[in-house]
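One file, input_11.pdb, is given below (PDB, C-alpha atoms).
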ATOM      1  CA  MET A 259      -5.703   1.067   3.618
ATOM      2  CA  LEU A 260      -8.466  -1.483   3.129
ATOM      3  CA  SER A 261     -11.103  -0.938   0.504
ATOM      4  CA  THR A 262     -14.721  -0.874   1.619
ATOM      5  CA  GLU A 263     -15.987  -1.711  -1.865
ATOM      6  CA  VAL A 264     -17.494  -5.204  -2.026
ATOM      7  CA  PHE A 265     -16.430  -7.330  -5.006
ATOM      8  CA  VAL A 266     -19.109  -9.638  -6.383
ATOM      9  CA  PRO A 267     -17.979 -12.156  -8.999
ATOM     10  CA  CYS A 268     -20.106 -12.942 -12.012
ATOM     11  CA  PRO A 269     -22.940 -15.161 -10.705
ATOM     12  CA  ASP A 270     -22.625 -17.637 -13.579
ATOM     13  CA  GLY A 271     -21.561 -20.926 -12.033
ATOM     14  CA  LEU A 272     -21.626 -19.462  -8.526
ATOM     15  CA  LEU A 273     -25.077 -20.729  -7.568
ATOM     16  CA  VAL A 274     -25.980 -24.406  -7.520
ATOM     17  CA  ASN A 275     -29.174 -26.418  -7.503
ATOM     18  CA  LEU A 276     -29.920 -27.256  -3.863
ATOM     19  CA  HIS A 277     -31.275 -30.725  -4.586
ATOM     20  CA  GLU A 278     -28.327 -31.694  -6.783
ATOM     21  CA  ALA A 279     -25.675 -30.367  -4.392
ATOM     22  CA  LYS A 280     -27.321 -31.037  -1.012
ATOM     23  CA  GLU A 281     -24.706 -33.567   0.154
ATOM     24  CA  MET A 282     -21.796 -31.294  -0.793
ATOM     25  CA  ILE A 283     -23.418 -28.280   0.872
ATOM     26  CA  ILE A 284     -24.005 -30.197   4.120
ATOM     27  CA  ASP A 285     -20.413 -31.478   4.034
ATOM     28  CA  PHE A 286     -19.141 -27.920   3.471
ATOM     29  CA  LEU A 287     -21.214 -26.538   6.351
ATOM     30  CA  ASN A 288     -19.990 -29.318   8.670
ATOM     31  CA  LYS A 289     -16.315 -28.637   7.812
ATOM     32  CA  LEU A 290     -16.537 -24.829   7.911
ATOM     33  CA  PRO A 291     -16.136 -24.353  11.704
ATOM     34  CA  SER A 292     -12.936 -26.443  11.815
ATOM     35  CA  TRP A 293     -11.329 -24.247   9.134
ATOM     36  CA  PHE A 294     -11.595 -21.189  11.361
ATOM     37  CA  GLU A 295     -11.228 -22.660  14.870
ATOM     38  CA  LYS A 296      -7.709 -21.212  15.320
ATOM     39  CA  ASN A 297      -8.530 -17.848  13.779
ATOM     40  CA  MET A 298      -7.803 -14.986  16.173
ATOM     41  CA  GLN A 299      -9.686 -12.313  14.221
ATOM     42  CA  THR A 300     -12.556 -10.879  16.237
ATOM     43  CA  GLY A 301     -14.025  -8.610  13.558
ATOM     44  CA  SER A 302     -17.202  -9.400  11.710
ATOM     45  CA  ALA A 303     -17.667  -9.783   7.971
ATOM     46  CA  LEU A 304     -21.459  -9.814   8.196
ATOM     47  CA  GLY A 305     -21.860  -6.340   6.690
ATOM     48  CA  PRO A 306     -19.753  -7.012   3.576
ATOM     49  CA  ALA A 307     -21.313 -10.485   3.228
ATOM     50  CA  LEU A 308     -24.816  -8.996   3.229
ATOM     51  CA  GLN A 309     -23.745  -6.330   0.709
ATOM     52  CA  ALA A 310     -22.330  -9.010  -1.599
ATOM     53  CA  ALA A 311     -25.474 -11.146  -1.286
ATOM     54  CA  TYR A 312     -27.651  -8.112  -2.051
ATOM     55  CA  LYS A 313     -25.589  -7.209  -5.138
ATOM     56  CA  LEU A 314     -25.776 -10.810  -6.356
ATOM     57  CA  LEU A 315     -29.554 -10.969  -5.899
ATOM     58  CA  VAL A 316     -30.035  -7.605  -7.619
ATOM     59  CA  SER A 317     -27.914  -8.852 -10.521
ATOM     60  CA  LEU A 318     -29.932 -12.062 -10.813
ATOM     61  CA  SER A 319     -33.211 -10.171 -10.524
ATOM     62  CA  TYR A 320     -32.175  -7.785 -13.301
ATOM     63  CA  ARG A 321     -31.111 -10.655 -15.557
ATOM     64  CA  SER A 322     -34.367 -12.473 -14.860
ATOM     65  CA  SER A 323     -36.544  -9.476 -15.736
ATOM     66  CA  ALA A 324     -34.402  -8.604 -18.776
ATOM     67  CA  ASN A 325     -34.870 -12.147 -20.115
ATOM     68  CA  GLY A 326     -38.617 -12.175 -19.657
ATOM     69  CA  GLY A 327     -38.497 -14.034 -16.350
ATOM     70  CA  VAL A 328     -35.895 -16.627 -17.359
ATOM     71  CA  ALA A 329     -32.538 -16.293 -15.580
TER      72      ALA A 329
END

Structure translated into structure tokens:
Amino acid sequence: MLSTEVFVPCPDGLLVNLHEAKEMIIDFLNKLPSWFEKNMQTGSALGPALQAAYKLLVSLSYRSSANGGVA
């Protein structure tokens, strides 16, 4: 049976500065479709992806407010 609990790793080192990593991010986004072009799965992971993003943002928001606005 599959778990419906979303795992969110520790955000330290997970987020990058957009300006510093712009080239790598664009390269990643350009390569992403080719990695999954032969995938036959028709299900969607949007729900779990949104849950993980929400948990990450809540975690960062809590850390920011706990540190006086400095994450």

Item to check | Coordinates-based distance that separates CA of Glu263 (chain A) from CA of Lys313 (chain A) (Å, one decimal) | outcome: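 Straight-line distance from CA of Lys313 (chain A) to CA of Glu263 (chain A) works out to 11.5 Å.
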
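Our summary of the geometry notes that CA of Asn275 (chain A) is positioned 15.5 Å from CA of Leu315 (chain A).
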
Checklist outcome for this item: Expressed in Å, the length from CA of Leu308 (chain A) to CA of Leu290 (chain A) is 18.5 Å

Checklist entry - Smallest atom-to-atom distance to Phe265 (chain A): which of A:Ile283, A:Ala310, A:Leu318, A:Met298, using all atoms listed in the file? => result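 For Phe265 (chain A), the nearest of the candidates is A:Ala310.
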
Item to check | Explicit residues for the PyMOL selection byres ((chain A and resi 306) around 12) (as a list in words) | outcome: Ser261, Thr262, Glu263, Val264, Phe265, Val266, Gly301, Ser302, Ala303, Leu304, Gly305, Ala307, Leu308, Gln309, Ala310, Ala311, Tyr312 and Lys313 of chain A

Residue subset to file, keeping C-alpha atoms, as a tab-separated table (two decimals), keeping the file's coordinate frame:
chain	number	residue	atom	x	y	z
A	261	SER	CA	-11.10	-0.94	0.50
A	262	THR	CA	-14.72	-0.87	1.62
A	263	GLU	CA	-15.99	-1.71	-1.86
A	264	VAL	CA	-17.49	-5.20	-2.03
A	265	PHE	CA	-16.43	-7.33	-5.01
A	266	VAL	CA	-19.11	-9.64	-6.38
A	301	GLY	CA	-14.02	-8.61	13.56
A	302	SER	CA	-17.20	-9.40	11.71
A	303	ALA	CA	-17.67	-9.78	7.97
A	304	LEU	CA	-21.46	-9.81	8.20
A	305	GLY	CA	-21.86	-6.34	6.69
A	307	ALA	CA	-21.31	-10.48	3.23
A	308	LEU	CA	-24.82	-9.00	3.23
A	309	GLN	CA	-23.74	-6.33	0.71
A	310	ALA	CA	-22.33	-9.01	-1.60
A	311	ALA	CA	-25.47	-11.15	-1.29
A	312	TYR	CA	-27.65	-8.11	-2.05
A	313	LYS	CA	-25.59	-7.21	-5.14
